[in-house]
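S.K.: Take a look at work-v9.csv, CSV, C-alpha atoms:
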```csv
chain,number,residue,atom,x,y,z
A,1,MET,CA,97.7,-204.7,0.3
A,2,PRO,CA,93.9,-204.3,0.3
A,3,ARG,CA,92.5,-202.7,-2.8
A,4,PRO,CA,91.4,-199.4,-1.2
A,5,LEU,CA,94.9,-198.9,0.2
A,6,ARG,CA,96.4,-199.8,-3.2
A,7,VAL,CA,94.2,-197.1,-4.9
A,8,ILE,CA,95.2,-194.5,-2.3
A,9,ALA,CA,98.9,-195.3,-2.7
A,10,ALA,CA,98.7,-195.2,-6.5
A,11,THR,CA,96.8,-191.9,-6.4
A,12,PHE,CA,99.3,-190.3,-4.0
A,13,ALA,CA,102.2,-191.5,-6.2
A,14,LEU,CA,100.5,-189.9,-9.2
A,15,LEU,CA,100.0,-186.6,-7.4
A,16,LEU,CA,103.6,-186.6,-6.2
A,17,VAL,CA,105.0,-187.2,-9.7
A,18,THR,CA,102.7,-184.5,-11.1
A,19,ALA,CA,103.7,-182.0,-8.4
A,20,CYS,CA,107.4,-182.7,-9.0
A,21,ASN,CA,107.1,-182.3,-12.8
A,22,SER,CA,105.2,-179.0,-12.3
A,23,ALA,CA,107.8,-177.6,-9.9
A,24,SER,CA,110.7,-178.4,-12.1
A,25,SER,CA,109.2,-177.4,-15.4
A,26,GLY,CA,109.7,-173.7,-14.8
A,27,GLY,CA,106.1,-172.8,-15.7
A,28,GLY,CA,104.9,-171.5,-19.1
A,29,GLY,CA,105.2,-173.1,-22.5
A,30,GLY,CA,107.9,-175.2,-24.0
A,31,THR,CA,109.4,-178.5,-23.2
A,32,PRO,CA,109.5,-179.3,-19.4
A,33,SER,CA,112.9,-178.7,-17.9
A,34,SER,CA,114.6,-180.0,-14.7
A,35,THR,CA,115.8,-176.4,-14.1
A,36,ARG,CA,113.4,-174.1,-12.3
A,37,GLY,CA,112.3,-171.1,-14.4
A,38,VAL,CA,113.8,-172.4,-17.7
A,39,THR,CA,111.7,-173.9,-20.6
A,40,ALA,CA,112.7,-174.6,-24.2
A,41,ASP,CA,111.9,-171.0,-25.1
A,42,THR,CA,111.9,-168.8,-21.9
A,43,ILE,CA,114.0,-167.9,-18.9
A,44,LYS,CA,111.9,-166.5,-16.0
A,45,VAL,CA,113.5,-163.7,-14.0
A,46,GLY,CA,112.2,-161.4,-11.3
A,47,GLY,CA,113.6,-158.5,-9.3
A,48,ILE,CA,113.5,-157.1,-5.7
A,49,VAL,CA,113.7,-153.3,-5.4
A,50,SER,CA,112.9,-150.7,-2.8
A,51,MET,CA,110.1,-149.0,-4.8
A,52,THR,CA,108.7,-147.3,-1.7
A,53,THR,CA,110.3,-146.3,1.6
A,54,ALA,CA,109.2,-144.6,4.8
A,55,SER,CA,111.4,-141.5,4.0
A,56,GLY,CA,109.9,-141.2,0.5
A,57,TYR,CA,113.2,-142.3,-1.2
A,58,SER,CA,112.5,-144.6,-4.1
A,59,LYS,CA,114.6,-146.9,-6.4
A,60,LYS,CA,111.6,-147.6,-8.7
A,61,ASP,CA,113.7,-146.6,-11.8
A,62,THR,CA,115.8,-149.7,-11.2
A,63,ASP,CA,112.9,-151.8,-12.6
A,64,LEU,CA,112.6,-149.7,-15.8
A,65,GLY,CA,116.4,-150.0,-16.3
A,66,ALA,CA,116.2,-153.8,-16.0
A,67,ARG,CA,113.2,-154.0,-18.3
A,68,ALA,CA,114.9,-151.9,-20.9
A,69,ARG,CA,117.9,-154.3,-21.1
A,70,TYR,CA,115.7,-157.4,-21.1
A,71,ASP,CA,113.5,-155.9,-23.8
A,72,ARG,CA,116.6,-155.4,-26.0
A,73,ALA,CA,117.8,-158.9,-25.4
A,74,ASN,CA,114.4,-160.3,-26.5
A,75,ALA,CA,114.3,-158.0,-29.6
A,76,GLU,CA,117.7,-159.5,-30.6
A,77,GLY,CA,116.4,-163.0,-30.3
A,78,GLY,CA,116.8,-163.8,-26.7
A,79,ILE,CA,119.6,-165.7,-25.0
A,80,ASN,CA,120.6,-168.7,-27.0
A,81,GLY,CA,117.1,-168.9,-28.4
A,82,ARG,CA,115.2,-168.2,-25.2
A,83,ARG,CA,113.4,-165.0,-24.5
A,84,ILE,CA,113.5,-163.4,-21.0
A,85,ALA,CA,110.2,-163.5,-19.2
A,86,TYR,CA,110.8,-160.6,-16.8
A,87,LEU,CA,108.1,-160.5,-14.1
A,88,GLY,CA,109.1,-157.1,-12.8
A,89,ALA,CA,110.3,-156.1,-9.4
A,90,GLU,CA,108.8,-156.9,-6.0
A,91,ASP,CA,108.8,-153.9,-3.7
A,92,ASP,CA,110.5,-154.7,-0.3
A,93,GLY,CA,109.7,-151.2,1.1
A,94,GLN,CA,113.3,-151.3,2.4
A,95,ASP,CA,112.1,-153.7,5.1
A,96,PRO,CA,114.0,-156.9,5.9
A,97,ALA,CA,110.9,-159.0,6.4
A,98,ARG,CA,109.4,-157.9,3.1
A,99,ASN,CA,112.8,-158.5,1.4
A,100,LEU,CA,112.8,-162.1,2.6
A,101,ALA,CA,109.1,-162.5,1.7
A,102,ALA,CA,109.8,-161.2,-1.8
A,103,ALA,CA,112.6,-163.6,-2.3
A,104,ARG,CA,110.5,-166.5,-1.1
A,105,LYS,CA,107.6,-165.5,-3.4
A,106,LEU,CA,109.8,-165.2,-6.5
A,107,VAL,CA,111.3,-168.7,-5.9
A,108,GLN,CA,108.5,-170.7,-4.4
A,109,GLN,CA,105.5,-169.2,-6.1
A,110,ASP,CA,106.8,-167.6,-9.3
A,111,LYS,CA,109.6,-170.2,-9.8
A,112,VAL,CA,112.1,-167.8,-11.3
A,113,PHE,CA,115.5,-169.0,-12.5
A,114,ALA,CA,117.2,-165.8,-11.4
A,115,VAL,CA,116.6,-162.6,-9.4
A,116,SER,CA,118.0,-159.5,-11.2
A,117,PRO,CA,117.9,-156.7,-10.2
A,118,MET,CA,118.2,-156.8,-6.4
A,119,SER,CA,118.6,-153.2,-5.1
A,120,SER,CA,117.9,-152.3,-1.5
A,121,VAL,CA,119.7,-151.3,1.7
A,122,THR,CA,118.5,-154.6,3.2
A,123,PHE,CA,119.1,-158.1,1.9
A,124,ALA,CA,117.4,-160.4,4.4
A,125,GLY,CA,116.6,-162.8,1.5
A,126,ALA,CA,120.3,-163.3,0.6
A,127,ASP,CA,120.8,-166.6,2.6
A,128,PHE,CA,117.6,-168.0,1.2
A,129,LEU,CA,118.4,-167.2,-2.4
A,130,ASP,CA,121.9,-168.6,-2.1
A,131,ALA,CA,120.7,-171.8,-0.4
A,132,GLN,CA,118.1,-172.2,-3.2
A,133,LYS,CA,120.8,-171.7,-5.8
A,134,VAL,CA,119.1,-168.7,-7.4
A,135,PRO,CA,121.5,-166.6,-9.5
A,136,THR,CA,121.0,-163.1,-8.1
A,137,VAL,CA,122.5,-159.9,-9.5
A,138,GLY,CA,122.3,-156.5,-7.9
A,139,TRP,CA,124.0,-153.4,-6.5
A,140,GLY,CA,126.9,-154.8,-4.5
A,141,THR,CA,126.6,-152.2,-1.7
A,142,LEU,CA,125.9,-155.0,0.9
A,143,PRO,CA,128.3,-157.6,2.3
A,144,SER,CA,125.9,-160.3,1.0
A,145,PHE,CA,127.2,-159.7,-2.5
A,146,CYS,CA,130.7,-160.5,-1.4
A,147,GLY,CA,131.3,-164.2,-1.3
A,148,PRO,CA,128.1,-166.3,-1.5
A,149,ALA,CA,128.3,-168.6,-4.5
A,150,HIS,CA,125.1,-167.4,-6.4
A,151,LEU,CA,125.1,-163.7,-5.6
A,152,TYR,CA,126.8,-161.1,-7.9
A,153,GLY,CA,127.3,-157.3,-7.7
A,154,PHE,CA,126.9,-155.8,-11.1
A,155,ASN,CA,130.1,-153.8,-10.5
A,156,GLY,CA,131.6,-156.3,-8.1
A,157,CYS,CA,131.9,-156.3,-4.3
A,158,LEU,CA,131.8,-152.8,-2.9
A,159,VAL,CA,131.9,-153.7,0.8
A,160,PRO,CA,134.6,-156.4,1.0
A,161,MET,CA,135.5,-158.6,3.9
A,162,PRO,CA,139.0,-158.8,5.4
A,163,GLY,CA,141.2,-160.2,2.7
A,164,GLY,CA,139.4,-158.3,-0.1
A,165,THR,CA,140.1,-154.9,-1.5
A,166,LEU,CA,138.6,-151.3,-1.5
A,167,ASN,CA,137.6,-149.2,-4.5
A,168,GLN,CA,139.5,-145.9,-4.3
A,169,THR,CA,137.3,-143.9,-6.8
A,170,TRP,CA,135.9,-141.6,-4.1
A,171,PRO,CA,139.1,-140.7,-2.2
A,172,GLU,CA,141.1,-140.4,-5.4
A,173,GLY,CA,138.4,-138.4,-7.1
A,174,LEU,CA,138.0,-135.9,-4.3
A,175,ALA,CA,141.8,-135.6,-4.1
A,176,ALA,CA,141.7,-134.5,-7.7
A,177,VAL,CA,139.0,-132.0,-7.0
A,178,LEU,CA,141.0,-130.6,-4.1
A,179,GLY,CA,144.3,-130.5,-5.9
A,180,GLY,CA,145.7,-133.4,-3.9
A,181,ALA,CA,145.0,-135.0,-0.5
A,182,ARG,CA,148.2,-133.9,1.3
A,183,GLY,CA,147.2,-131.6,4.2
A,184,LYS,CA,143.5,-132.0,3.4
A,185,SER,CA,140.9,-133.1,6.0
A,186,VAL,CA,137.6,-134.9,5.5
A,187,ALA,CA,134.6,-135.6,7.6
A,188,LEU,CA,132.5,-138.7,7.0
A,189,ILE,CA,129.0,-139.1,8.3
A,190,ALA,CA,126.5,-142.0,7.9
A,191,GLY,CA,123.3,-143.4,9.3
A,192,ASP,CA,123.2,-145.4,12.6
A,193,ASN,CA,122.7,-148.8,11.0
A,194,ASP,CA,124.8,-151.7,9.9
A,195,ALA,CA,125.3,-150.3,6.4
A,196,GLY,CA,126.3,-146.9,7.8
A,197,LYS,CA,128.8,-148.3,10.3
A,198,PHE,CA,130.4,-150.5,7.7
A,199,GLY,CA,130.5,-147.6,5.2
A,200,ILE,CA,132.3,-145.5,7.8
A,201,ARG,CA,134.8,-148.2,8.4
A,202,THR,CA,135.6,-148.8,4.8
A,203,PHE,CA,135.7,-145.2,3.7
A,204,THR,CA,137.8,-144.2,6.7
A,205,GLN,CA,140.5,-146.6,5.6
A,206,GLY,CA,140.2,-145.6,1.9
A,207,PHE,CA,140.5,-141.8,2.6
A,208,LYS,CA,143.5,-142.4,4.9
A,209,ALA,CA,145.2,-144.5,2.3
A,210,ALA,CA,144.7,-141.7,-0.3
A,211,GLY,CA,146.5,-139.3,2.1
A,212,PHE,CA,143.6,-137.5,3.7
A,213,ARG,CA,143.4,-136.7,7.4
A,214,VAL,CA,140.0,-138.1,8.6
A,215,ALA,CA,138.8,-135.5,11.0
A,216,TYR,CA,135.4,-137.0,11.8
A,217,ALA,CA,133.9,-140.4,11.0
A,218,LYS,CA,130.7,-141.3,12.7
A,219,ALA,CA,127.5,-143.4,11.9
A,220,VAL,CA,125.3,-141.4,14.2
A,221,VAL,CA,122.2,-140.2,12.2
A,222,PRO,CA,119.0,-142.1,13.2
A,223,ALA,CA,118.4,-144.5,10.3
A,224,THR,CA,114.6,-144.8,10.9
A,225,SER,CA,113.8,-141.1,11.7
A,226,MET,CA,115.2,-138.3,9.7
A,227,PRO,CA,116.3,-135.4,12.0
A,228,SER,CA,114.3,-132.1,11.8
A,229,ASP,CA,117.2,-130.2,13.3
A,230,TRP,CA,120.7,-130.9,11.9
A,231,SER,CA,122.6,-128.3,14.0
A,232,ALA,CA,124.0,-130.9,16.5
A,233,TYR,CA,125.7,-132.7,13.6
A,234,THR,CA,126.8,-129.7,11.7
A,235,LYS,CA,128.4,-128.0,14.7
A,236,GLU,CA,130.5,-131.1,15.5
A,237,ILE,CA,131.5,-131.5,11.9
A,238,LEU,CA,132.5,-127.9,11.4
A,239,ARG,CA,134.7,-128.0,14.5
A,240,SER,CA,136.4,-131.2,13.5
A,241,GLY,CA,139.1,-129.8,11.1
A,242,PRO,CA,142.6,-128.6,12.0
A,243,GLY,CA,142.7,-126.1,14.8
A,244,GLY,CA,139.0,-126.6,15.5
A,245,GLY,CA,138.0,-125.3,12.1
A,246,ALA,CA,136.0,-126.8,9.2
A,247,PRO,CA,137.3,-129.8,7.3
A,248,ASP,CA,138.1,-129.4,3.6
A,249,ALA,CA,135.4,-131.9,2.6
A,250,VAL,CA,132.3,-133.4,4.0
A,251,VAL,CA,131.3,-136.8,2.7
A,252,SER,CA,127.8,-138.2,3.4
A,253,VAL,CA,127.2,-141.9,3.1
A,254,MET,CA,123.4,-141.4,3.3
A,255,GLN,CA,120.3,-141.3,1.0
A,256,THR,CA,118.9,-138.3,-0.7
A,257,PRO,CA,116.3,-137.0,1.9
A,258,TYR,CA,119.0,-137.1,4.6
A,259,ASN,CA,121.6,-135.4,2.3
A,260,ILE,CA,119.2,-132.6,1.5
A,261,GLY,CA,118.7,-131.9,5.2
A,262,LEU,CA,122.4,-132.1,6.0
A,263,PHE,CA,123.7,-130.1,3.1
A,264,THR,CA,121.1,-127.3,3.6
A,265,ALA,CA,122.2,-127.0,7.2
A,266,LEU,CA,125.9,-127.0,6.3
A,267,LYS,CA,125.4,-124.2,3.7
A,268,ARG,CA,123.3,-122.1,6.1
A,269,SER,CA,126.2,-122.4,8.6
A,270,GLY,CA,128.5,-120.9,6.0
A,271,TYR,CA,130.4,-124.0,5.0
A,272,LYS,CA,132.4,-123.3,1.8
A,273,GLY,CA,134.3,-126.7,1.5
A,274,VAL,CA,133.6,-129.6,-0.8
A,275,ILE,CA,130.5,-131.6,-0.2
A,276,SER,CA,130.0,-135.1,-1.7
A,277,ASP,CA,127.7,-138.1,-1.6
A,278,PRO,CA,127.1,-141.3,-3.6
A,279,THR,CA,123.3,-141.1,-4.3
A,280,ASP,CA,122.2,-137.7,-5.7
A,281,TYR,CA,122.8,-138.1,-9.4
A,282,ASP,CA,119.2,-137.8,-10.6
A,283,PRO,CA,117.8,-135.0,-12.8
A,284,GLY,CA,114.4,-135.6,-11.2
A,285,LEU,CA,115.7,-134.1,-8.0
A,286,LEU,CA,116.1,-130.8,-9.7
A,287,ALA,CA,112.4,-130.2,-10.1
A,288,LYS,CA,112.1,-128.6,-6.7
A,289,ASP,CA,114.0,-125.3,-6.0
A,290,ALA,CA,114.8,-126.2,-2.4
A,291,THR,CA,116.3,-129.6,-3.5
A,292,LYS,CA,118.2,-128.0,-6.3
A,293,GLN,CA,119.7,-125.4,-4.0
A,294,ALA,CA,120.6,-128.0,-1.4
A,295,LEU,CA,122.5,-130.1,-3.9
A,296,ASP,CA,124.0,-127.3,-5.9
A,297,GLY,CA,127.8,-127.6,-6.0
A,298,VAL,CA,127.7,-131.2,-4.5
A,299,HIS,CA,130.1,-133.7,-6.0
A,300,VAL,CA,128.4,-137.1,-6.5
A,301,LEU,CA,130.3,-140.4,-6.7
A,302,LEU,CA,129.4,-142.6,-9.7
A,303,GLN,CA,130.6,-146.1,-10.2
A,304,PHE,CA,129.6,-146.1,-13.9
A,305,GLN,CA,130.1,-143.8,-16.9
A,306,PRO,CA,128.3,-140.5,-16.5
A,307,PHE,CA,125.3,-139.9,-18.6
A,308,GLU,CA,127.1,-136.9,-20.1
A,309,SER,CA,129.6,-139.3,-21.8
A,310,ASP,CA,129.2,-140.2,-25.5
A,311,SER,CA,130.5,-143.7,-25.6
A,312,PRO,CA,128.8,-146.4,-27.7
A,313,ALA,CA,127.6,-148.2,-24.6
A,314,MET,CA,126.1,-145.0,-23.1
A,315,ARG,CA,124.3,-144.2,-26.4
A,316,GLN,CA,122.9,-147.8,-26.4
A,317,PHE,CA,121.7,-147.4,-22.8
A,318,LYS,CA,119.9,-144.2,-23.6
A,319,ALA,CA,118.2,-145.7,-26.7
A,320,ASP,CA,117.1,-148.7,-24.7
A,321,ILE,CA,115.6,-146.6,-21.9
A,322,LYS,CA,113.7,-144.4,-24.4
A,323,LYS,CA,112.3,-147.4,-26.1
A,324,ALA,CA,111.2,-149.0,-22.8
A,325,ALA,CA,109.6,-145.8,-21.8
A,326,GLY,CA,107.3,-145.9,-24.8
A,327,GLY,CA,109.5,-143.6,-27.0
A,328,LYS,CA,109.5,-140.8,-24.5
A,329,GLU,CA,112.5,-138.9,-23.3
A,330,VAL,CA,112.6,-139.5,-19.5
A,331,PRO,CA,115.0,-138.1,-16.9
A,332,LEU,CA,117.9,-140.6,-16.5
A,333,SER,CA,118.8,-141.8,-13.0
A,334,MET,CA,121.5,-143.9,-11.4
A,335,HIS,CA,118.8,-146.4,-10.4
A,336,MET,CA,117.9,-147.0,-14.1
A,337,LEU,CA,121.6,-147.8,-14.7
A,338,THR,CA,121.7,-150.1,-11.6
A,339,GLY,CA,118.8,-152.1,-13.0
A,340,TYR,CA,120.2,-152.1,-16.5
A,341,MET,CA,123.6,-153.2,-15.6
A,342,SER,CA,122.3,-155.9,-13.2
A,343,ALA,CA,120.3,-157.3,-16.1
A,344,ASP,CA,123.3,-156.9,-18.4
A,345,LEU,CA,125.6,-159.0,-16.2
A,346,PHE,CA,123.0,-161.7,-15.8
A,347,LEU,CA,122.4,-161.8,-19.6
A,348,SER,CA,126.1,-161.9,-20.4
A,349,ILE,CA,126.8,-164.8,-18.1
A,350,ALA,CA,123.7,-166.7,-19.2
A,351,GLU,CA,124.7,-166.3,-22.8
A,352,LYS,CA,128.1,-167.7,-22.1
A,353,ALA,CA,126.5,-170.7,-20.2
A,354,GLY,CA,125.1,-171.9,-23.6
A,355,LYS,CA,122.0,-173.6,-24.8
A,356,ASP,CA,121.9,-176.0,-21.9
A,357,LEU,CA,121.1,-173.4,-19.2
A,358,THR,CA,121.1,-174.8,-15.7
A,359,VAL,CA,122.3,-173.3,-12.4
A,360,GLU,CA,125.4,-175.4,-12.7
A,361,SER,CA,126.2,-174.2,-16.3
A,362,PHE,CA,125.5,-170.6,-15.2
A,363,GLN,CA,127.9,-170.9,-12.3
A,364,THR,CA,130.6,-172.5,-14.5
A,365,ALA,CA,130.2,-169.6,-16.9
A,366,ALA,CA,130.4,-167.1,-14.1
A,367,ASN,CA,133.6,-168.5,-12.7
A,368,GLY,CA,135.5,-167.8,-15.9
A,369,PHE,CA,133.7,-164.7,-17.0
A,370,SER,CA,135.3,-161.5,-18.2
A,371,ASP,CA,134.6,-158.7,-20.6
A,372,THR,CA,135.7,-155.1,-21.3
A,373,GLY,CA,134.4,-151.6,-22.1
A,374,THR,CA,131.1,-151.8,-20.3
A,375,LEU,CA,129.4,-148.9,-18.5
A,376,VAL,CA,131.1,-150.1,-15.3
A,377,GLY,CA,134.5,-150.8,-16.8
A,378,ASP,CA,136.1,-154.2,-17.2
A,379,ARG,CA,134.2,-157.0,-15.5
A,380,THR,CA,135.9,-160.2,-14.2
A,381,LEU,CA,134.6,-163.1,-12.1
A,382,PRO,CA,135.2,-164.6,-9.6
A,383,LYS,CA,137.4,-161.6,-8.9
A,384,GLY,CA,134.2,-159.5,-8.4
A,385,LYS,CA,133.3,-161.6,-5.4
A,386,LYS,CA,136.0,-160.0,-3.4
A,387,GLU,CA,136.5,-156.6,-4.9
A,388,SER,CA,134.8,-154.0,-7.1
A,389,PHE,CA,135.6,-153.5,-10.7
A,390,GLY,CA,137.5,-150.4,-9.6
A,391,CYS,CA,136.1,-147.7,-11.9
A,392,GLY,CA,134.1,-144.5,-11.4
A,393,ALA,CA,133.7,-140.8,-11.8
A,394,LEU,CA,132.6,-137.6,-10.0
A,395,VAL,CA,130.0,-135.3,-11.3
A,396,GLN,CA,129.1,-131.9,-9.9
A,397,LEU,CA,125.7,-130.1,-9.9
A,398,LYS,CA,126.3,-126.6,-11.2
A,399,ASN,CA,123.5,-124.1,-12.0
A,400,GLY,CA,120.9,-126.8,-12.3
A,401,ARG,CA,123.1,-129.1,-14.5
A,402,TYR,CA,125.4,-132.0,-13.8
A,403,GLU,CA,128.9,-131.6,-15.2
A,404,VAL,CA,131.7,-134.2,-15.1
A,405,ALA,CA,134.2,-133.1,-12.5
A,406,VAL,CA,136.5,-136.1,-12.6
A,407,PRO,CA,136.2,-138.3,-15.7
A,408,PHE,CA,135.4,-142.1,-15.6
A,409,THR,CA,138.6,-143.7,-14.5
A,410,CYS,CA,139.7,-147.1,-13.1
A,411,TYR,CA,141.9,-146.9,-10.0
A,412,PRO,CA,144.0,-149.6,-8.4
A,413,PRO,CA,142.3,-151.1,-5.4
A,414,ILE,CA,143.9,-151.2,-2.0
A,415,PRO,CA,143.8,-154.2,0.5
A,416,PHE,CA,141.0,-154.1,3.0
A,417,GLY,CA,141.7,-155.2,6.5
```
Turn this file's structure into C-alpha cells for me.

M.R.:
Amino acid sequence: MPRPLRVIAATFALLLVTACNSASSGGGGGTPSSTRGVTADTIKVGGIVSMTTASGYSKKDTDLGARARYDRANAEGGINGRRIAYLGAEDDGQDPARNLAAARKLVQQDKVFAVSPMSSVTFAGADFLDAQKVPTVGWGTLPSFCGPAHLYGFNGCLVPMPGGTLNQTWPEGLAAVLGGARGKSVALIAGDNDAGKFGIRTFTQGFKAAGFRVAYAKAVVPATSMPSDWSAYTKEILRSGPGGGAPDAVVSVMQTPYNIGLFTALKRSGYKGVISDPTDYDPGLLAKDATKQALDGVHVLLQFQPFESDSPAMRQFKADIKKAAGGKEVPLSMHMLTGYMSADLFLSIAEKAGKDLTVESFQTAANGFSDTGTLVGDRTLPKGKKESFGCGALVQLKNGRYEVAVPFTCYPPIPFG
C-alpha cells in the first residue's frame, strides 16, 4: 500500500477506535465502561415528561419527584458505590414526534443508561428505547409498558393485552362508595384517541365484572380541542341510566381541563350522583374557586397510598420532596409520586443488579425482582409486565380538602380478554 494510503488508513482506524471508546464510556469521569451511561462512579439517567401541553395540563412535578428520590439515593452513598447523574426530564409537549426526539437525544447525545421517569399520554419513543436496550420506567398507562423487555411500569401494566389481567381498584372502590354494585349503573366517557378508546374497553370490562350495569361507554370527546359546550355529552349521559334517567356514577377517563368542563356541566344540569376520575388529586388545583367548585365531591382514583396516610414510606416521601424543594413545604401532587416511584423502581432493580451494572445484569435482576410495603403495594417482576400490582384507593374532595373515601387496598385482578 502506498505510504499516503497507509497514513489515511491508520488515521481512520485511530478515529474509529477513539469514537467507539467515547461512545461506550458513558461520559463523565471514572474508568471507561463498555456499558453506555455507566462509569466507575456514576450512572447517567434522564427522563421524558409532558411538562407543557396545548391544553395547559402539565406533569412537570414528575421531574421533581424523580429528582427527590435520586437525591436521597446519592445522599445514602449511591447505588453500589455509584451516584446517580440525573439529567432532568425532556419535555415532549405530549407530542409523539417530540417524544421520539427526546428518546433519541437521551440515548444518542446524552448517552444515558436509563430513562426514568417516562410520563406522557404518548410513547412514540418506546420501540426505539427497547431496541436500544435502555431500561425505562414510567407510568404504565400505555400498552408500551406491557411486554417489551426493557420497559417497566412503576406500578405494573395498567393497560394489558389479551391474556393479561385488569386492576379492579376503581370498580371495587366505587362499589364501596355506593354500598355495592348490584343494581347500580355507571357511565364511562373518554377522549377520542387511542388511549381513550382502550380505556373505555378495559374499564367497561372491569365495571361489568364488579357487578355494575354499564349504561354508557364512549370515547367521543375531541382529544385535540377541548369542547366549549358540554351539553351534547351531558344530555346523553344523563339519559343513559335505567328508564332514561341518570346513571348512579359518571366516570371520566380524561385529564384535568376536560374534567373541569364536564363536571361543571353535570352539576349545572342538576346531577347528584357519584363523579370520579383518575387525575385530579392535586392540591394545586384548589387555588382557583371555579376549579375547586368543579371538583368538589369528586372521587379520585389513586394507585398509590394517599398523601393523607401516615405510613413510614409516605413520611419518607414527604421528607424527600421537601428537601428537593429547598426545604420548602410544597403542595404534593400525584405526578410527584409518579416520578418518585419510577425512580424508586429503577434504583431498587439497579441495586439488586450489583456492582457490575450492565443492561444484562439489570435485566436479570428485574426478572427475579420483588419487594413489599411500597407506596404502590407489593411489586413483583416479570409479573408486572402483564398486570398491575393491584392496589389503590379513592379520595374525595370535600370542602376544599381531600379525604380518604376508600383506604389503600389490594384487589385480586381479573382476566382481561

S.K.: Each residue of range 263-361 of chain A lying at most 6 Å from range 69-90 of chain A should get a row with its shortest atom-to-atom pair and the distance in Å to one decimal, counting all atoms listed in the file; could you produce that, ordered by chain and increasing number, as CSV?

M.R.:
```
residue,atom,partner,partner_atom,distance
A:Tyr340,CA,A:Arg69,CA,5.6
A:Glu351,CA,A:Ile79,CA,5.6
A:Lys355,CA,A:Asn80,CA,5.6
```

S.K.: Pick from A:Val107, A:Ala68, A:Ile414, A:Leu397: nearest to Phe207 in chain A, with only C-alpha atoms counted?

M.R.: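 Distance minimum relative to Phe207 in chain A lands on A:Ile414.
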
S.K.: With all atoms listed in the file as the basis for distance, which of A:Val253, A:Leu238, A:Leu64, A:Ile189 is at the shortest distance from Pro331 in chain A?

M.R.: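 Using all atoms listed in the file, Pro331 in chain A sits closest to A:Leu64.
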
S.K.: Counting all atoms listed in the file, what are the residues of range 339-395 of chain A within 7 Å of range 150-163 of chain A, and for each of them which pair of atoms is the nearest and at what distance in Å, to one decimal? Sort the table by chain and rising number, as JSON lines.

M.R.:
```
{"residue": "A:Met341", "atom": "CA", "partner": "A:Phe154", "partner_atom": "CA", "distance": 6.2}
{"residue": "A:Ser342", "atom": "CA", "partner": "A:Phe154", "partner_atom": "CA", "distance": 5.1}
{"residue": "A:Leu345", "atom": "CA", "partner": "A:Phe154", "partner_atom": "CA", "distance": 6.2}
{"residue": "A:Val376", "atom": "CA", "partner": "A:Asn155", "partner_atom": "CA", "distance": 6.1}
{"residue": "A:Gly384", "atom": "CA", "partner": "A:Gly156", "partner_atom": "CA", "distance": 4.1}
{"residue": "A:Lys385", "atom": "CA", "partner": "A:Cys157", "partner_atom": "CA", "distance": 5.6}
{"residue": "A:Lys386", "atom": "CA", "partner": "A:Cys157", "partner_atom": "CA", "distance": 5.6}
{"residue": "A:Glu387", "atom": "CA", "partner": "A:Cys157", "partner_atom": "CA", "distance": 4.6}
{"residue": "A:Ser388", "atom": "CA", "partner": "A:Gly156", "partner_atom": "CA", "distance": 4.1}
{"residue": "A:Phe389", "atom": "CA", "partner": "A:Asn155", "partner_atom": "CA", "distance": 5.5}
```

S.K.: Which residue gives the smallest distance to Ser252 in chain A among A:Thr136, A:Thr264, A:Ser276, A:Ser231, with all atoms listed in the file counted?

M.R.: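 Checking each candidate against Ser252 in chain A, we get A:Ser276 as the closest.
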
S.K.: Using Å and a single decimal, report how far CA of Asp344 in chain A sits from CA of Arg67 in chain A.

M.R.: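 If I compute the distance from CA of Arg67 in chain A to CA of Asp344 in chain A, I get 10.5 Å.
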
S.K.: For Thr52 in chain A, which residue out of A:Thr39, A:Asn399, A:Gln168, A:Gln94 is the nearest one, using all atoms listed in the file?

M.R.: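 Distance minimum relative to Thr52 in chain A lands on A:Gln94.
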
S.K.: Just the number, please: distance in Å from CA of Gly243 in chain A to CA of Leu174 in chain A, one decimal.

M.R.: 22.0 Å

S.K.: From the list A:Leu337, A:Ala210, A:Phe346, A:Gly400, which residue is nearest Ala294 in chain A when using all atoms listed in the file?

M.R.: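 Smallest separation from Ala294 in chain A among the options: A:Gly400.
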
S.K.: Go through A:Pro148, A:Lys323, A:Gly65, A:Ser50 and flag the residue nearest Ala102 in chain A, using only C-alpha atoms for the distances.

M.R.: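 Smallest distance to Ala102 in chain A is found for A:Ser50.
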
S.K.: Using only C-alpha atoms, which residues sit within 10 Å of Leu178 in chain A once same-chain residues fewer than 3 positions away are excluded, as a PyMOL selection string?

M.R.: chain A and resi 172-175+181-182+184+248-249+273-274

S.K.: In Å, how far is it from CA of Phe113 in chain A to CA of Lys44 in chain A?

M.R.: 5.6 Å
